[in-house]
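Enquirer: Can you keep this structure in mind? I'll have questions shortly.
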Amino acid sequence: MENFQSVTGCAIPLMEANVDTDVIIPIQRLVGTGRKGLGEHAFERRRYLPDGSENPDFIPNQAPYRESPILLAAENFGCGSSREGAVWALMGMGVRCVIAPSFGDIFFSNCFQNGLLPVKLPIEVIRRIAEETQASPGNARTTVDLERQVVITPSGEAIPFTVDQRKREAMLHGLDDIALTLKHAEAIEAWKAKDRAARGWAWESVA
Amino acid sequence: MPKTMFDKIWDRHVIADLGEGWSLLYLDRILVHDLSGGRAMAELAEAGRRVAEPRKVFATPDHAVSSAPGRTAASYPKGERLINSLRERCAAEGVRMFDLNKPGNGIVHVIAPELGIVLPGLTLACGDSHTCTNGGVGAMAFGIGASELGHALATQTLPQRRPGTFRIRFEGERPAGVTAKDMILAAIGRFSAAAGTGMAMEYAGSAVRALSMEERLTLCNLSIEMGAKVGMVAPDDVTFEYLAGREYAPKGAAWEAALRDWRELPSDPGATFTRDEVIHMRDIAPQITWGTSPEQVAAVTSHVPDPREAPNDGKRAAWEAALDYMGLQPGQKLEGTKVDWVFIGSCTNSRLSDLRAAAEVIKGRKKAEHVTAWVVPGSETVKAEAEAEGLHIRFREAGFEWREPGCALCVAANGESVPEGARCVSTSNRNFVGRQGTGARTHLASPAMAAAAALAGAIVDVRSF
Ligand code: SF4
């Protein structure tokens, strides 16, 4: 996965609650498209008009926000389907960090698997960042620094955030989860031997 | 210390403590489907890895398959490529696959309990958010993304952070016309689509104890629509009776040993939950959604809400956008709203009892002329059992289409969709914008309510029908 240290940009104020993964990437796009190439389809039902041209009212299409690495959202961002394509699509449109008060649980995990940083901050703080950005979209810059675990708002306020240390390490260094787990190979084998003896029924019926 | 059922299952599966609440957990079963299964296994192979325990992995094509009568894999060419890759990878890895039109095939969360693949006390992961359905048998089942699926297949484990627990007790007698679907929709409406985010739900109380196994699966299916990771019902004699003799359930002495383990699973008296709520059954009427989130739901007898009365600005904006998309007016009566399509199916409501309930409503009547109505059984087994009872004939005589098993109109990933602007009463679980097709307007409801809507050609209260 791509590693992540820090990003800076004009944060996209998509301040909506319950943005589901069906909206982020329609399922049809996942039948036949791999991890790459989804960027142009991110939010496509909202990003484009029926004639295929860009919808100027959709905030991420507006000049200062294009290609920004930071997306602001309200509660429960990425709820719904487990499709990891939602993360691939966001990354394909240039987003590397989503700041929201809460996230869909599976989406949240998927982010860490790919180097997209989900940051949880209180809604009032996110609204403030959105307001500061909208007051002067051309100049407002937000920074998200994972090394220091801090968000710097356009007005220069430093807001700390927390992230699980094992996730932070993996992201900072782009570590491979499977390789990390295989370091526990002995413990896994020992657990299996013990469980097979204690819970034979869970093993035999599918053997 | 008294433990919850969730605690007991979690603790038993911890291989290593990874700190900060994270554990490396053992997975007893993994399910894969066409949309992500072939690719996940191919990516493993490319990385020089193998499926760790292929006998504990089960595959079925369901998402990107046509449900047209007489379909083959080729009926939806884009999906055929996915099926072929799943076939190839399963064969190479020694993973059991229930291939299209073969016994055992069907929607992944319908076949897992039906075949006894999922059992009480097991951990199960699948690259699909509605994996929580399987918790109806008292298992800890959860959905994961594609990368985590690769990890699961390669190691038969997953690092997971221990979630909080949330119990909802449904108490009292079930009112007429109220189904498991209405119970869970009412709970989501009351507590919100994010109330259970990342949590492990346990559904309990007298009304849950009284539910059949299939109804418990429906109840757990919508846990993810509250944001929850896991949904569970404690196993009891209803569960054991359902599972006995199923293909991959233990037999003989192993069954007896399993039963002893399973009887220990229910939450201990006095166990505490992060959140604990009670819903009285007398407060639940048949439900129908009016918006584009499952929390935007109401009793069928009520009206479309007015965004001006929303509790906050965020909700007001969401309600306005939902009404605009759904083509509904504030204050409009839900009953009588004209319906164009009806879909009876999906991992929520496509089991035999769901189809029986829908057929029961028909009573020899015919669907409204202008309605297109589909019935899509959840699996080959459901289809065969329904046909043995003649349900397919009753549906056909009423003008409904009787189709082949699969996700079909639940997801529009298979060339099947509700036309733009059309209004569909659906027994599935998501009314998201575009879920059933671009511009499709989805109203979630129970199978009986959906059947009644097909007959009336409009949203109607099944109790007065
Ligand atoms: S029926 Fe719908 S919700 Fe269930 S697995 Fe298929 S697509 Fe997902």
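Naming scheme: A, B, ... for chains in displayed order of the structure tokens; residues 1 onward per chain; ligands 1 onward as shown.
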Leaving out Leu444 of chain B and any residue of its chain fewer than 5 positions from it, which residues lie within 7 Å of it when counting only C-alpha atoms, given as a compact mmCIF listing (two decimals) with C-alpha atoms, in the first residue's frame?

Expert:
```txt
# COMPACT_ATOMS: atom_id res chain seq x y z
CA ILE B 288 -41.95 1.41 4.76
CA THR B 289 -39.05 3.69 3.92
CA VAL B 425 -41.31 -1.51 -3.28
CA SER B 426 -38.43 -3.83 -2.47
CA THR B 427 -37.81 -6.43 0.22
CA SER B 428 -34.06 -5.73 0.07
CA ASN B 429 -32.06 -3.71 2.57
CA ASN B 431 -32.75 2.37 -0.51
```

Enquirer: Could you list, as a PDB file with N, CA, C and O atoms, in the first residue's frame, every residue within 6 Å of segment 112-124 of chain B, counting only C-alpha atoms and ignoring same-chain residues fewer than 6 positions away?

Expert:
```pdb
ATOM      1  N   ILE B   9     -17.558 -15.470  22.267  1.00  0.00           N
ATOM      2  CA  ILE B   9     -17.080 -15.908  20.950  1.00  0.00           C
ATOM      3  C   ILE B   9     -15.751 -15.223  20.630  1.00  0.00           C
ATOM      4  O   ILE B   9     -14.798 -15.854  20.171  1.00  0.00           O
ATOM      5  N   LEU B  27     -10.453 -17.222  12.077  1.00  0.00           N
ATOM      6  CA  LEU B  27     -11.716 -17.279  11.334  1.00  0.00           C
ATOM      7  C   LEU B  27     -12.085 -18.736  11.088  1.00  0.00           C
ATOM      8  O   LEU B  27     -11.329 -19.472  10.455  1.00  0.00           O
ATOM      9  N   ASP B  28     -13.258 -19.134  11.566  1.00  0.00           N
ATOM     10  CA  ASP B  28     -13.689 -20.521  11.354  1.00  0.00           C
ATOM     11  C   ASP B  28     -14.166 -20.765   9.927  1.00  0.00           C
ATOM     12  O   ASP B  28     -14.067 -21.876   9.414  1.00  0.00           O
ATOM     13  N   ARG B  29     -14.758 -19.752   9.321  1.00  0.00           N
ATOM     14  CA  ARG B  29     -15.280 -19.901   7.959  1.00  0.00           C
ATOM     15  C   ARG B  29     -15.056 -18.595   7.194  1.00  0.00           C
ATOM     16  O   ARG B  29     -15.139 -17.510   7.772  1.00  0.00           O
ATOM     17  N   ILE B  30     -14.826 -18.739   5.885  1.00  0.00           N
ATOM     18  CA  ILE B  30     -14.748 -17.579   4.991  1.00  0.00           C
ATOM     19  C   ILE B  30     -15.676 -17.851   3.808  1.00  0.00           C
ATOM     20  O   ILE B  30     -15.690 -18.967   3.274  1.00  0.00           O
ATOM     21  N   VAL B 137     -27.784 -17.218  13.515  1.00  0.00           N
ATOM     22  CA  VAL B 137     -27.627 -18.531  14.152  1.00  0.00           C
ATOM     23  C   VAL B 137     -26.783 -18.451  15.422  1.00  0.00           C
ATOM     24  O   VAL B 137     -26.509 -19.471  16.057  1.00  0.00           O
ATOM     25  N   GLY B 138     -26.342 -17.233  15.791  1.00  0.00           N
ATOM     26  CA  GLY B 138     -25.515 -17.094  16.990  1.00  0.00           C
ATOM     27  C   GLY B 138     -24.033 -17.174  16.683  1.00  0.00           C
ATOM     28  O   GLY B 138     -23.238 -17.656  17.489  1.00  0.00           O
ATOM     29  N   ALA B 139     -23.654 -16.695  15.487  1.00  0.00           N
ATOM     30  CA  ALA B 139     -22.242 -16.652  15.097  1.00  0.00           C
ATOM     31  C   ALA B 139     -21.784 -15.202  15.070  1.00  0.00           C
ATOM     32  O   ALA B 139     -22.600 -14.287  15.001  1.00  0.00           O
ATOM     33  N   MET B 140     -20.462 -15.016  15.109  1.00  0.00           N
ATOM     34  CA  MET B 140     -19.916 -13.677  14.969  1.00  0.00           C
ATOM     35  C   MET B 140     -19.468 -13.534  13.523  1.00  0.00           C
ATOM     36  O   MET B 140     -18.385 -13.972  13.144  1.00  0.00           O
ATOM     37  N   ALA B 141     -20.339 -12.970  12.700  1.00  0.00           N
ATOM     38  CA  ALA B 141     -20.106 -12.906  11.261  1.00  0.00           C
ATOM     39  C   ALA B 141     -20.014 -11.448  10.850  1.00  0.00           C
ATOM     40  O   ALA B 141     -20.857 -10.645  11.232  1.00  0.00           O
ATOM     41  N   ARG B 246     -28.151 -30.486   8.443  1.00  0.00           N
ATOM     42  CA  ARG B 246     -27.722 -29.695   7.272  1.00  0.00           C
ATOM     43  C   ARG B 246     -26.359 -30.205   6.793  1.00  0.00           C
ATOM     44  O   ARG B 246     -25.555 -30.700   7.592  1.00  0.00           O
ATOM     45  N   GLU B 247     -26.093 -29.994   5.507  1.00  0.00           N
ATOM     46  CA  GLU B 247     -24.948 -30.633   4.863  1.00  0.00           C
ATOM     47  C   GLU B 247     -23.621 -30.473   5.612  1.00  0.00           C
ATOM     48  O   GLU B 247     -22.890 -31.436   5.802  1.00  0.00           O
ATOM     49  N   TYR B 248     -23.280 -29.262   6.031  1.00  0.00           N
ATOM     50  CA  TYR B 248     -21.982 -29.048   6.679  1.00  0.00           C
ATOM     51  C   TYR B 248     -22.099 -28.850   8.193  1.00  0.00           C
ATOM     52  O   TYR B 248     -21.166 -28.377   8.832  1.00  0.00           O
ATOM     53  N   ALA B 249     -23.226 -29.214   8.747  1.00  0.00           N
ATOM     54  CA  ALA B 249     -23.370 -29.182  10.204  1.00  0.00           C
ATOM     55  C   ALA B 249     -22.778 -30.467  10.774  1.00  0.00           C
ATOM     56  O   ALA B 249     -22.749 -31.489  10.086  1.00  0.00           O
TER      57      ALA B 249
END
```

Enquirer: Counting only C-alpha atoms, which residue out of B:Gly415, B:Gly245, B:Gly378, B:Gly172 sits closest to Ser75 of chain B?

Expert: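 Looking at the shortest contact to Ser75 of chain B, the residue is B:Gly415.
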
Enquirer: So the first atom is atom CA of Gly291 of chain B and the second is atom CA of Ser102 of chain A; what is the distance between them in Å, to one decimal place?

Expert: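 It comes out at 21.3 Å.
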
Enquirer: Could you list the protein, DNA and RNA residues that have any atom within 6 Å of ligand 1, counting only C-alpha atoms and all ligand atoms, and write them as a ChimeraX atom specification?

Expert: /B:63,130,346-347,407,410-411

Enquirer: Please produce a file of the residues just selected, as an mmCIF file, in the first residue's frame, where the atoms kept are C-alpha atoms.

Expert:
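Written file, selection_15.cif:
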```
data_model
loop_
_atom_site.group_PDB
_atom_site.id
_atom_site.type_symbol
_atom_site.label_atom_id
_atom_site.label_comp_id
_atom_site.auth_asym_id
_atom_site.auth_seq_id
_atom_site.Cartn_x
_atom_site.Cartn_y
_atom_site.Cartn_z
ATOM 1 C CA HIS B 63 -24.012 -10.714 -7.415
ATOM 2 C CA HIS B 130 -24.439 -8.107 4.875
ATOM 3 C CA SER B 346 -32.327 -10.419 -1.644
ATOM 4 C CA CYS B 347 -30.444 -11.851 1.328
ATOM 5 C CA CYS B 407 -28.905 -10.765 -5.847
ATOM 6 C CA CYS B 410 -31.085 -5.623 -4.902
ATOM 7 C CA VAL B 411 -27.906 -4.253 -6.377
#
```

Enquirer: Within 8 Å of chain B, which residues belong to chain A? Use only C-alpha atoms and report them as a VMD selection string.

Expert: chain A and resid 16 to 18 20 22 to 23 26 to 28 30 to 32 45 75 to 76 79 to 84 103 to 107 109 to 110 113 164 to 165 177 to 178 181 to 182 184 187 to 188 191 199 to 202 204 to 207

Enquirer: Would you please work out which residue, of B:His280, B:Leu391, B:Glu420, B:Val460, is nearest to Ser302 of chain B when using only C-alpha atoms?

Expert: B:Val460

Enquirer: As a compact mmCIF listing (two decimals) with N, CA, C and O atoms, in the first residue's frame, which residues of segment 83-203 of chain A does DSSP assign to strand (DSSP E or B)?

Expert:
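New file states11.txt:
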```txt
# COMPACT_ATOMS: atom_id res chain seq x y z
N CYS A 97 -7.04 11.81 2.22
CA CYS A 97 -7.46 11.90 3.61
C CYS A 97 -8.92 12.35 3.66
O CYS A 97 -9.31 13.27 2.94
N VAL A 98 -9.74 11.65 4.44
CA VAL A 98 -11.12 12.09 4.66
C VAL A 98 -11.25 12.45 6.14
O VAL A 98 -10.86 11.65 7.00
N ILE A 99 -11.78 13.64 6.41
CA ILE A 99 -12.00 14.04 7.80
C ILE A 99 -13.51 14.04 8.04
O ILE A 99 -14.26 14.72 7.35
N ALA A 100 -13.96 13.26 9.00
CA ALA A 100 -15.39 13.16 9.30
C ALA A 100 -15.54 12.83 10.79
O ALA A 100 -14.60 12.32 11.41
N PHE A 103 -17.29 7.22 10.63
CA PHE A 103 -17.18 6.55 9.33
C PHE A 103 -17.93 5.23 9.35
O PHE A 103 -18.09 4.62 10.41
N LEU A 117 -6.04 8.06 4.56
CA LEU A 117 -6.14 8.26 6.01
C LEU A 117 -7.52 8.78 6.40
O LEU A 117 -7.92 9.87 5.99
N PRO A 118 -8.28 8.03 7.21
CA PRO A 118 -9.54 8.55 7.74
C PRO A 118 -9.27 9.21 9.10
O PRO A 118 -8.71 8.57 9.99
N VAL A 119 -9.65 10.46 9.25
CA VAL A 119 -9.41 11.18 10.50
C VAL A 119 -10.74 11.52 11.14
O VAL A 119 -11.61 12.10 10.49
N LYS A 120 -10.89 11.15 12.40
CA LYS A 120 -12.13 11.47 13.11
C LYS A 120 -11.94 12.75 13.93
O LYS A 120 -11.05 12.80 14.78
N THR A 142 -5.35 23.39 4.33
CA THR A 142 -5.43 22.52 5.52
C THR A 142 -4.31 21.49 5.38
O THR A 142 -4.03 21.03 4.27
N THR A 143 -3.68 21.17 6.50
CA THR A 143 -2.64 20.14 6.48
C THR A 143 -3.04 19.01 7.42
O THR A 143 -3.54 19.26 8.52
N VAL A 144 -2.83 17.80 6.98
CA VAL A 144 -3.03 16.65 7.85
C VAL A 144 -1.70 15.94 7.97
O VAL A 144 -1.15 15.49 6.96
N ASP A 145 -1.16 15.90 9.18
CA ASP A 145 0.17 15.34 9.41
C ASP A 145 0.03 14.09 10.28
O ASP A 145 -0.31 14.17 11.46
N VAL A 150 -1.70 15.55 13.78
CA VAL A 150 -2.30 16.86 13.96
C VAL A 150 -2.88 17.35 12.62
O VAL A 150 -2.34 17.05 11.56
N VAL A 151 -4.02 18.06 12.74
CA VAL A 151 -4.60 18.75 11.57
C VAL A 151 -4.36 20.24 11.78
O VAL A 151 -4.67 20.77 12.86
N ILE A 152 -3.79 20.91 10.78
CA ILE A 152 -3.60 22.36 10.87
C ILE A 152 -4.69 23.01 10.02
O ILE A 152 -4.76 22.77 8.80
N ALA A 158 -3.89 24.22 15.44
CA ALA A 158 -3.42 22.84 15.38
C ALA A 158 -4.37 21.95 16.19
O ALA A 158 -4.55 22.16 17.38
N ILE A 159 -4.97 21.00 15.54
CA ILE A 159 -5.95 20.13 16.20
C ILE A 159 -5.42 18.70 16.22
O ILE A 159 -5.23 18.09 15.16
N PRO A 160 -5.18 18.15 17.41
CA PRO A 160 -4.65 16.79 17.47
C PRO A 160 -5.74 15.77 17.13
O PRO A 160 -6.92 16.01 17.36
```

Enquirer: What does the structure give for the distance between atom CA of Ile362 of chain B and atom CA of Ala450 of chain B, in Å to one decimal?

Expert: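 Value for the atom CA of Ile362 of chain B-atom CA of Ala450 of chain B distance: 10.6 Å.
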
Enquirer: Rounded to one decimal, what separation in Å do you get between atom CA of Pro56 of chain A and atom CA of Ala89 of chain A?

Expert: 19.7 Å

Enquirer: Extract, using only C-alpha atoms, all DNA, RNA and protein residues at most 10 Å from Gln134 of chain A, discarding same-chain residues fewer than 4 positions from it, and format them as a list in words.

Expert: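 Close residues of Gln134 of chain A: Cys10, Ala11, Ile12, Pro13, Pro64, Arg128, Ile129, Ala130, Gly138, Asn139 and Ala140 of chain A.
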
Enquirer: Excluding Lys102 of chain B and residues on its chain fewer than 3 positions from it, collect all residues at most 12 Å away from it, counting only C-alpha atoms, and give them as a list in words.

Expert: Thr60, Pro61, Thr72, Ala73, Met97, Phe98, Asp99, Asn105, Gly106, Ser379, Glu380, Thr381, Lys383, Ala384, Glu404 and Pro405 of chain B

Enquirer: Write the selection just made, keeping N, CA and C atoms, as a JSON list (two decimals), in the first residue's frame?

Expert:
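See result-v7.json below for the written result:
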```
[["chain", "number", "residue", "atom", "x", "y", "z"],
["B", 60, "THR", "N", -19.63, -18.88, -3.94],
["B", 60, "THR", "CA", -20.85, -18.93, -4.73],
["B", 60, "THR", "C", -20.94, -17.68, -5.61],
["B", 61, "PRO", "N", -21.28, -17.83, -6.88],
["B", 61, "PRO", "CA", -21.56, -16.64, -7.67],
["B", 61, "PRO", "C", -23.00, -16.20, -7.41],
["B", 72, "THR", "N", -27.78, -18.60, -17.96],
["B", 72, "THR", "CA", -26.50, -19.27, -17.75],
["B", 72, "THR", "C", -25.52, -18.18, -17.35],
["B", 73, "ALA", "N", -24.27, -18.57, -17.09],
["B", 73, "ALA", "CA", -23.26, -17.57, -16.73],
["B", 73, "ALA", "C", -23.14, -16.54, -17.85],
["B", 97, "MET", "N", -16.96, -24.67, -4.43],
["B", 97, "MET", "CA", -17.76, -23.63, -5.08],
["B", 97, "MET", "C", -19.12, -24.20, -5.44],
["B", 98, "PHE", "N", -20.16, -23.47, -5.12],
["B", 98, "PHE", "CA", -21.51, -23.86, -5.51],
["B", 98, "PHE", "C", -21.82, -23.10, -6.79],
["B", 99, "ASP", "N", -21.58, -23.75, -7.90],
["B", 99, "ASP", "CA", -21.63, -23.05, -9.18],
["B", 99, "ASP", "C", -23.07, -22.75, -9.59],
["B", 105, "ASN", "N", -26.13, -23.48, -4.84],
["B", 105, "ASN", "CA", -25.88, -22.10, -5.28],
["B", 105, "ASN", "C", -26.98, -21.16, -4.76],
["B", 106, "GLY", "N", -26.61, -19.91, -4.61],
["B", 106, "GLY", "CA", -27.57, -18.90, -4.20],
["B", 106, "GLY", "C", -26.84, -17.72, -3.61],
["B", 379, "SER", "N", -31.97, -18.96, -3.21],
["B", 379, "SER", "CA", -31.03, -20.03, -3.52],
["B", 379, "SER", "C", -31.74, -21.10, -4.33],
["B", 380, "GLU", "N", -30.94, -22.01, -4.88],
["B", 380, "GLU", "CA", -31.51, -23.16, -5.60],
["B", 380, "GLU", "C", -32.40, -23.98, -4.67],
["B", 381, "THR", "N", -31.97, -24.10, -3.41],
["B", 381, "THR", "CA", -32.76, -24.88, -2.45],
["B", 381, "THR", "C", -34.11, -24.21, -2.20],
["B", 383, "LYS", "N", -35.63, -22.21, -4.13],
["B", 383, "LYS", "CA", -36.41, -22.31, -5.37],
["B", 383, "LYS", "C", -37.08, -23.68, -5.47],
["B", 384, "ALA", "N", -36.30, -24.73, -5.22],
["B", 384, "ALA", "CA", -36.84, -26.09, -5.33],
["B", 384, "ALA", "C", -37.95, -26.30, -4.30],
["B", 404, "GLU", "N", -34.61, -16.81, -11.39],
["B", 404, "GLU", "CA", -33.54, -17.68, -10.89],
["B", 404, "GLU", "C", -32.81, -17.01, -9.72],
["B", 405, "PRO", "N", -32.23, -17.79, -8.81],
["B", 405, "PRO", "CA", -31.60, -17.23, -7.61],
["B", 405, "PRO", "C", -30.43, -16.28, -7.90]]
```
